[in-house]
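Novice: Would you mind keeping the following structure in view while I ask a few things?
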Amino acid sequence: MLPRDLQARAERFLPANVRARIRNPQIRPHWIGDTDRFWYRHESPEGITFTQVDAADGSTAPAFDHARLAAALTFASGQPADPANLPIERLALDASGAARFTAGGANWTYSPATGTCSPDPAPDPARDPGSQPGEVRSPDGTRAAFRRGHDLWLRDTISGFEKQLTFDGARHHEYAKSADMNLTTVTLARKGITLPAVVLWSPDSRRLLTSRLDERAVADFPLVQHVPDSGAARPVLHTLKVANSGDPDLPMEQHIIIDTITGSIIPAQSGPHVTGVMTCIEKEEAWWSADSTRVFFLDRDRLWRRQTLHELDTRTGAVRPILTETADTFIDVNLSVTGLPNIRVLDRSNEIVWFSQRDGWAHLYLHDLRTGALKHRITQGEWVVRDIVHIDEAARRIHFLAAGIDPEADPYLRTLCSINLDGTGLTVLTPEPGDHALAMKQKRVPRDHIRPEAETGAWLSPSGRFFVHTHSTLERAPVSTLRRTDGTLVAPLAEATLDPALQAAWRWPTSFRAPAADGETELFGALWLPTDFDPSRKYPIIDYIYPGPQRGNLPTAMLADTLPELSRSCLPQAFAELGFVVVIVDGRGTPLRSKAFHDASYGKLSDPGMLADHVAVLHELARRHSYIDLARVGIMGHSGGGYASVRALLEYPQVFHAAVATSGNHDQKGYSFSWCEKYQGPLERHPDGTTTYDAAANAPLAHRLQGKLLLAHGDMDDNVHPALTMQLIAALIAADKDFDVVVLPNDDHTTVWNNRYFLRRAMEFMVRSLIE
């Protein structure tokens, strides 16, 4: 067992504990109507103040009288409300100062003139996305689409009248459904969470774009729940439809248009189209025209090598391809797996802003919407466009986040820029060094529905004249700033702080640069040291790895305001407190840099994260820092990082001596086709029964194990099936190898590292293997 004081020291730095002790890691503005005034939640040791800001001069004031509102809400609801921590969500202020919000599951309106709260039954899609699970409200808020059984229904939000829209849905051939292989289907069902119907409303609130998902031929994916939620002794079998690498039958979606007034259904005269983890609408790769007569959508092949933008006529169902791009490896529409597509259809001017890495870097191009022909490129240079965040069609100007635009800076740090659609007038709007975060929408994948939707805010004012950004690094606290859109400063808003107890123990990580194994490519990473670090001592080192290739692991800010981001920056410090140096480095083959840098991993899933790069960096760090002990090297990771951790022990036993590997996809033949085939290519079977994927399995190398190994997997993992860890266990037993295993009943793919029992076991394992 870990000494209690050492465990407590480490747990101070767990993500949830750190988030509870950070104040104002990112200011998220909520603009008041069409004005240039906004409110935000200002955090202080005394509590939360809803603060109003006038962007014209940066002046601030309380958004309302907190004590008066608390008293009014207490009287109206019968539940006590603390003025310093008002229990309100989805706040909307109007220009008069009236506040509409949700509290205790009900909607309320507060009148500052009368000092009273009253129930607010009026539908407001911005605050109340639907009173029934899975509803998707129309833009005007008067109707809501939802699934019942296998079909799509409509509800009038005023009268409550319901109307069935489709009538022939059947099991595994359903309307408006998320695919079973969305990585979290069983988890959501166990939690009683209903995903929103997969629909996209037309701007005029009359028509729906949806699809009929055909999973009938897809192979079964059984998941046995050994400890049923009901408490019963008999295990429960959950069966999904999941296509793995090389499977001949894939989930397919057929797009359709439904006129909710007439009830007519117009199938698209193309398809069906391959889907995978998410459908076209869930990926937000479909767009309505401004006049609600056309839909534009992306379609790609199963290998992600061909991508086409189509136009769908909603009156006839006719589909025409507009623009197709192909690649020898794979095509991305955003370098970040959680980013929205960097494609915009400007149908009023008959143009497309297209995102492409055709010249080796991620840039924007302007194409003709009618012909697909290239008009001209918009951005260029040895740097990348990360996110389109706004297009002013009238002014013909784009705001976007770029990275690497300063060749001397860290290429992972984002900068807000603007440029004209004709490619002129490139302007950097955020000159401060560091990474610049904006309050902007991200792709909401199915598993994000496990948590309530966050109040994202909006970085840009309705007038387009002002914006708020937050800049920080791994080595300094975030600062949120208000600027005009010409880049001039209005005022600083807040600097993140830690509460005194955590501040006293805090230690910032140290960023570094080091050469890759090729001796030429520059890699970027960071080191976390114990808070009682003594440079005269020797410390074992742990490589905290996630190899991608769909994302890297290196955070750009230490104090983020979301738990997933905090996990990457704070978990290393928790382990460092046990007496380790912890390193994160993104090897070649991860995204966010050049296409060639990312493509280095293509077809090489057997070498996760380019492990030779990790070995080269470890040796370079030991050369620079005498306190690093290469005789005691650990590695740990989850999912792809779990696979990589085991691979490191098997391929480099002279370098890595202990590994904690959780939920690993230890054989790529047993994982989702949509991930594996994108990054590995097609699975080809040879006459002798071998395949092109065999080298990307850990079990055949089990006989090589020399170091200490801890494996863990949740038995309800509906992303990486626990069978992949069990198959590795079988191979290790057959090879007569010693290792440790932790099976976590009812843990899924996202909860393993939140399980305090497992975390303690992982910490004890690393201490026992590398320190004691």
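Ordering of the structure tokens sets the chain letters (A, B, ...); residue numbers start at 1 within each chain; ligands are numbered from 1 in the order shown.
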Taking the DSSP assignment computed from this structure's backbone, write out as a ChimeraX atom specification all residues of stretch 440-524 of chain A that belong to strand (DSSP E or B).
Specialist: /A:460,466-473,476-484,489-495,497-498,510-515,522-524
Novice: Find the residues around A:Asp586 up to 9 Å (only C-alpha atoms counted), leave out those fewer than 5 positions away in its own chain, and share them as a PyMOL selection string.
Specialist: chain A and resi 523-525+545-547+552-554+609+613-614
Novice: Considering only C-alpha atoms, return as JSON, numbers by chain whatever protein or nucleic-acid residues lie within 12 Å of A:Leu611, sequence-local ones (same chain, fewer than 6 positions apart) excluded.
Specialist: {"A": [516, 517, 518, 543, 545, 546, 547, 585, 586, 587, 588, 589, 601, 604, 605, 617, 618, 635, 641, 643, 644, 645, 646, 647, 648, 649, 650, 651, 652, 655, 656]}
Novice: Enumerate the residues of stretch 682-734 of chain A with a DSSP assignment of helix (DSSP H, G or I), computed from the backbone, and present them as a PyMOL selection string.
Specialist: chain A and resi 694-696+699-704+723-734
Novice: Between A:Ile265, A:Gln503, A:Gly58, A:Asn420, single out the one closest to A:Ala491, counting only C-alpha atoms.
Specialist: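 Once distances to A:Ala491 are computed over only C-alpha atoms, the minimum belongs to A:Gly58.
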Novice: Rank A:Lys443, A:Gly246, A:Ala658, A:Phe296 by their smallest atom-to-atom distance to A:Ser336, using only C-alpha atoms, and report the top residue only.
Specialist: A:Lys443
Novice: Using Å and a single decimal, report how far atom CA of A:Gly134 sits from atom CA of A:Lys191.
Specialist: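 Between atom CA of A:Lys191 and atom CA of A:Gly134 the gap is 13.9 Å.
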Novice: Any idea what's packed within 12 Å of stretch 753-756 of chain A, counting only C-alpha atoms, ignoring anything in its chain fewer than 4 positions away? Could you give it as a ChimeraX atom specification?
Specialist: /A:7-8,10-11,14-17,563-564,567-568,571,636-639,642,660-663,712-714,742-749,760-763
Novice: From the options A:Asp410, A:Asp5, A:Glu282, A:Asp607, which residue's atoms come nearest to A:Leu578, counting only C-alpha atoms?
Specialist: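 Closest to A:Leu578, using only C-alpha atoms: A:Asp5.
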Novice: Using only C-alpha atoms, which residue out of A:Ile261, A:Arg377, A:Ala55, A:Phe739 lies closest to A:Thr485?
Specialist: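 That would be A:Ala55, the residue with the smallest distance to A:Thr485.
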Novice: Restricting the calculation to only C-alpha atoms, which member of A:Gln254, A:Asn342, A:Ser472, A:Thr424 is positioned closest to A:Ile391?
Specialist: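 That would be A:Asn342, the residue with the smallest distance to A:Ile391.
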Novice: Which residue, A:Gly192, A:Pro572, A:Pro222, A:Pro540, has the smallest gap to A:Arg507 when you use only C-alpha atoms?
Specialist: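 Of all the options, A:Pro572 lies closest to A:Arg507.
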Novice: Using only C-alpha atoms, determine which residues lie at most 10 Å from A:Asp328, disregarding the query and same-chain residues fewer than 6 positions distant; provide the list as a list in words.
Specialist: Trp304, Arg305, Arg306, Asp599, Tyr602 and Gly681 of chain A
Novice: Counting only C-alpha atoms, give me one row per residue of stretch 586-687 of chain A with an atom at most 10 Å from an atom of stretch 273-281 of chain A, showing the shortest contact pair and its distance in Å to one decimal, sorted by chain then residue number, as a tab-separated table.
Specialist:
residue	atom	partner	partner_atom	distance
A:Ser672	CA	A:Gly276	CA	8.2
A:Phe673	CA	A:Gly276	CA	7.8
A:Ser674	CA	A:Gly276	CA	5.6
A:Trp675	CA	A:Val277	CA	8.6
Novice: The selected residues should be written to file as a CSV table (one decimal), in the first residue's frame (atoms: C-alpha atoms).
Specialist:
chain,number,residue,atom,x,y,z
A,672,SER,CA,-12.9,-0.4,-35.4
A,673,PHE,CA,-12.4,-0.4,-39.1
A,674,SER,CA,-12.9,3.4,-39.3
A,675,TRP,CA,-9.8,4.1,-37.2
Novice: What's around A:Leu73 at 12 Å? Count only C-alpha atoms, leave out sequence neighbours fewer than 6 positions away in its own chain, and write the answer as a PyMOL selection string.
Specialist: chain A and resi 66-67+79-83+86-88+99-104+106-111+115-119
Novice: What separation in Å, quoted to one decimal, exists between atom CA of A:Glu520 and atom CA of A:Val384?
Specialist: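 Answer for the atom CA of A:Glu520 to atom CA of A:Val384 separation: 20.5 Å.
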Novice: Please provide the set of residues having any atom within 9 Å of stretch 193-209 of chain A, restricted to only C-alpha atoms, with same-chain residues fewer than 4 positions apart removed, written as number ranges by chain.
Specialist: A: 133-143, 145-147, 152, 175-178, 187-189, 255-261, 279, 281-282, 286-293, 295, 314, 446, 449-450
Novice: Hey, can you spit out that residue selection with N, CA and C atoms as a CSV table (one decimal), in the first residue's frame?
Specialist:
chain,number,residue,atom,x,y,z
A,133,PRO,N,-36.2,13.5,-23.7
A,133,PRO,CA,-34.9,13.0,-24.0
A,133,PRO,C,-34.8,12.8,-25.5
A,134,GLY,N,-33.7,13.3,-26.1
A,134,GLY,CA,-33.3,13.0,-27.5
A,134,GLY,C,-34.0,14.0,-28.4
A,135,GLU,N,-34.7,15.0,-28.0
A,135,GLU,CA,-35.3,16.0,-28.9
A,135,GLU,C,-34.3,16.9,-29.5
A,136,VAL,N,-34.6,17.3,-30.8
A,136,VAL,CA,-33.8,18.3,-31.4
A,136,VAL,C,-34.8,19.4,-31.9
A,137,ARG,N,-34.7,20.5,-31.4
A,137,ARG,CA,-35.7,21.6,-31.6
A,137,ARG,C,-35.4,22.3,-33.0
A,138,SER,N,-36.4,22.7,-33.6
A,138,SER,CA,-36.3,23.5,-34.8
A,138,SER,C,-35.7,24.9,-34.5
A,139,PRO,N,-35.2,25.6,-35.5
A,139,PRO,CA,-34.6,26.9,-35.2
A,139,PRO,C,-35.5,27.9,-34.6
A,140,ASP,N,-36.8,27.8,-34.9
A,140,ASP,CA,-37.8,28.7,-34.3
A,140,ASP,C,-38.3,28.2,-33.0
A,141,GLY,N,-37.9,27.0,-32.6
A,141,GLY,CA,-38.3,26.5,-31.3
A,141,GLY,C,-39.7,26.0,-31.1
A,142,THR,N,-40.5,25.9,-32.2
A,142,THR,CA,-41.9,25.5,-32.1
A,142,THR,C,-42.1,24.0,-32.3
A,143,ARG,N,-41.1,23.3,-32.8
A,143,ARG,CA,-41.3,21.9,-33.0
A,143,ARG,C,-40.0,21.2,-32.6
A,145,ALA,N,-37.9,17.3,-33.2
A,145,ALA,CA,-37.8,15.9,-33.7
A,145,ALA,C,-37.2,15.0,-32.7
A,146,PHE,N,-37.8,13.8,-32.6
A,146,PHE,CA,-37.2,12.8,-31.7
A,146,PHE,C,-37.5,11.4,-32.3
A,147,ARG,N,-36.8,10.4,-31.7
A,147,ARG,CA,-37.0,9.0,-32.1
A,147,ARG,C,-37.9,8.3,-31.1
A,152,LEU,N,-38.9,8.1,-36.7
A,152,LEU,CA,-38.7,9.5,-36.3
A,152,LEU,C,-40.1,10.1,-36.1
A,175,TYR,N,-34.2,5.0,-38.4
A,175,TYR,CA,-34.1,6.4,-38.8
A,175,TYR,C,-33.5,7.2,-37.7
A,176,ALA,N,-32.7,8.2,-38.1
A,176,ALA,CA,-32.1,9.2,-37.2
A,176,ALA,C,-31.3,8.6,-36.0
A,177,LYS,N,-30.7,7.5,-36.3
A,177,LYS,CA,-30.0,6.8,-35.2
A,177,LYS,C,-28.5,7.0,-35.3
A,178,SER,N,-27.8,7.1,-34.1
A,178,SER,CA,-26.4,7.0,-34.1
A,178,SER,C,-25.9,5.5,-34.2
A,187,THR,N,-22.6,2.2,-22.7
A,187,THR,CA,-22.4,3.1,-21.6
A,187,THR,C,-23.6,4.1,-21.4
A,188,LEU,N,-24.0,4.7,-22.6
A,188,LEU,CA,-25.1,5.6,-22.6
A,188,LEU,C,-26.4,4.9,-22.1
A,189,ALA,N,-26.6,3.7,-22.6
A,189,ALA,CA,-27.9,3.0,-22.3
A,189,ALA,C,-27.9,2.7,-20.8
A,255,HIS,N,-29.3,9.1,-46.9
A,255,HIS,CA,-29.8,10.4,-46.6
A,255,HIS,C,-31.2,10.6,-47.1
A,256,ILE,N,-32.0,11.2,-46.3
A,256,ILE,CA,-33.4,11.5,-46.8
A,256,ILE,C,-33.8,12.9,-46.3
A,257,ILE,N,-34.7,13.5,-47.0
A,257,ILE,CA,-35.3,14.8,-46.7
A,257,ILE,C,-36.8,14.6,-46.3
A,258,ILE,N,-37.2,15.1,-45.2
A,258,ILE,CA,-38.6,15.0,-44.7
A,258,ILE,C,-39.2,16.4,-44.6
A,259,ASP,N,-40.3,16.6,-45.3
A,259,ASP,CA,-41.0,17.8,-45.2
A,259,ASP,C,-42.0,17.6,-44.0
A,260,THR,N,-41.8,18.4,-42.9
A,260,THR,CA,-42.6,18.1,-41.7
A,260,THR,C,-44.0,18.7,-41.8
A,261,ILE,N,-44.2,19.5,-42.9
A,261,ILE,CA,-45.6,20.0,-43.1
A,261,ILE,C,-46.4,19.0,-43.8
A,279,THR,N,-22.2,9.4,-37.7
A,279,THR,CA,-22.8,9.6,-39.0
A,279,THR,C,-22.5,11.0,-39.5
A,281,ILE,N,-24.2,13.7,-40.1
A,281,ILE,CA,-24.8,14.8,-39.4
A,281,ILE,C,-24.1,14.9,-38.0
A,282,GLU,N,-23.8,13.8,-37.3
A,282,GLU,CA,-23.1,13.9,-36.1
A,282,GLU,C,-21.7,14.5,-36.2
A,286,ALA,N,-22.6,18.3,-42.8
A,286,ALA,CA,-23.7,18.6,-43.7
A,286,ALA,C,-24.2,20.0,-43.4
A,287,TRP,N,-24.6,20.7,-44.4
A,287,TRP,CA,-25.0,22.1,-44.3
A,287,TRP,C,-26.2,22.4,-45.2
A,288,TRP,N,-27.2,23.2,-44.7
A,288,TRP,CA,-28.3,23.6,-45.4
A,288,TRP,C,-27.9,24.9,-46.2
A,289,SER,N,-28.5,25.1,-47.3
A,289,SER,CA,-28.4,26.4,-48.0
A,289,SER,C,-29.2,27.5,-47.2
A,290,ALA,N,-28.9,28.7,-47.4
A,290,ALA,CA,-29.6,29.8,-46.7
A,290,ALA,C,-31.1,29.8,-47.0
A,291,ASP,N,-31.5,29.4,-48.2
A,291,ASP,CA,-32.9,29.4,-48.6
A,291,ASP,C,-33.6,28.1,-48.3
A,292,SER,N,-33.0,27.2,-47.7
A,292,SER,CA,-33.6,25.9,-47.3
A,292,SER,C,-34.0,25.0,-48.4
A,293,THR,N,-33.4,25.2,-49.6
A,293,THR,CA,-33.8,24.3,-50.7
A,293,THR,C,-32.7,23.3,-51.1
A,295,VAL,N,-29.1,20.9,-49.7
A,295,VAL,CA,-28.2,20.4,-48.6
A,295,VAL,C,-26.9,20.1,-49.3
A,314,THR,N,-33.4,19.3,-52.3
A,314,THR,CA,-34.4,18.8,-51.3
A,314,THR,C,-35.8,18.6,-51.9
A,446,PRO,N,-20.7,11.3,-29.3
A,446,PRO,CA,-21.7,10.7,-28.5
A,446,PRO,C,-21.3,10.6,-27.0
A,449,HIS,N,-22.2,13.2,-24.3
A,449,HIS,CA,-23.5,13.4,-23.7
A,449,HIS,C,-23.6,12.8,-22.3
A,450,ILE,N,-22.6,12.1,-21.9
A,450,ILE,CA,-22.5,11.5,-20.5
A,450,ILE,C,-22.6,12.7,-19.5
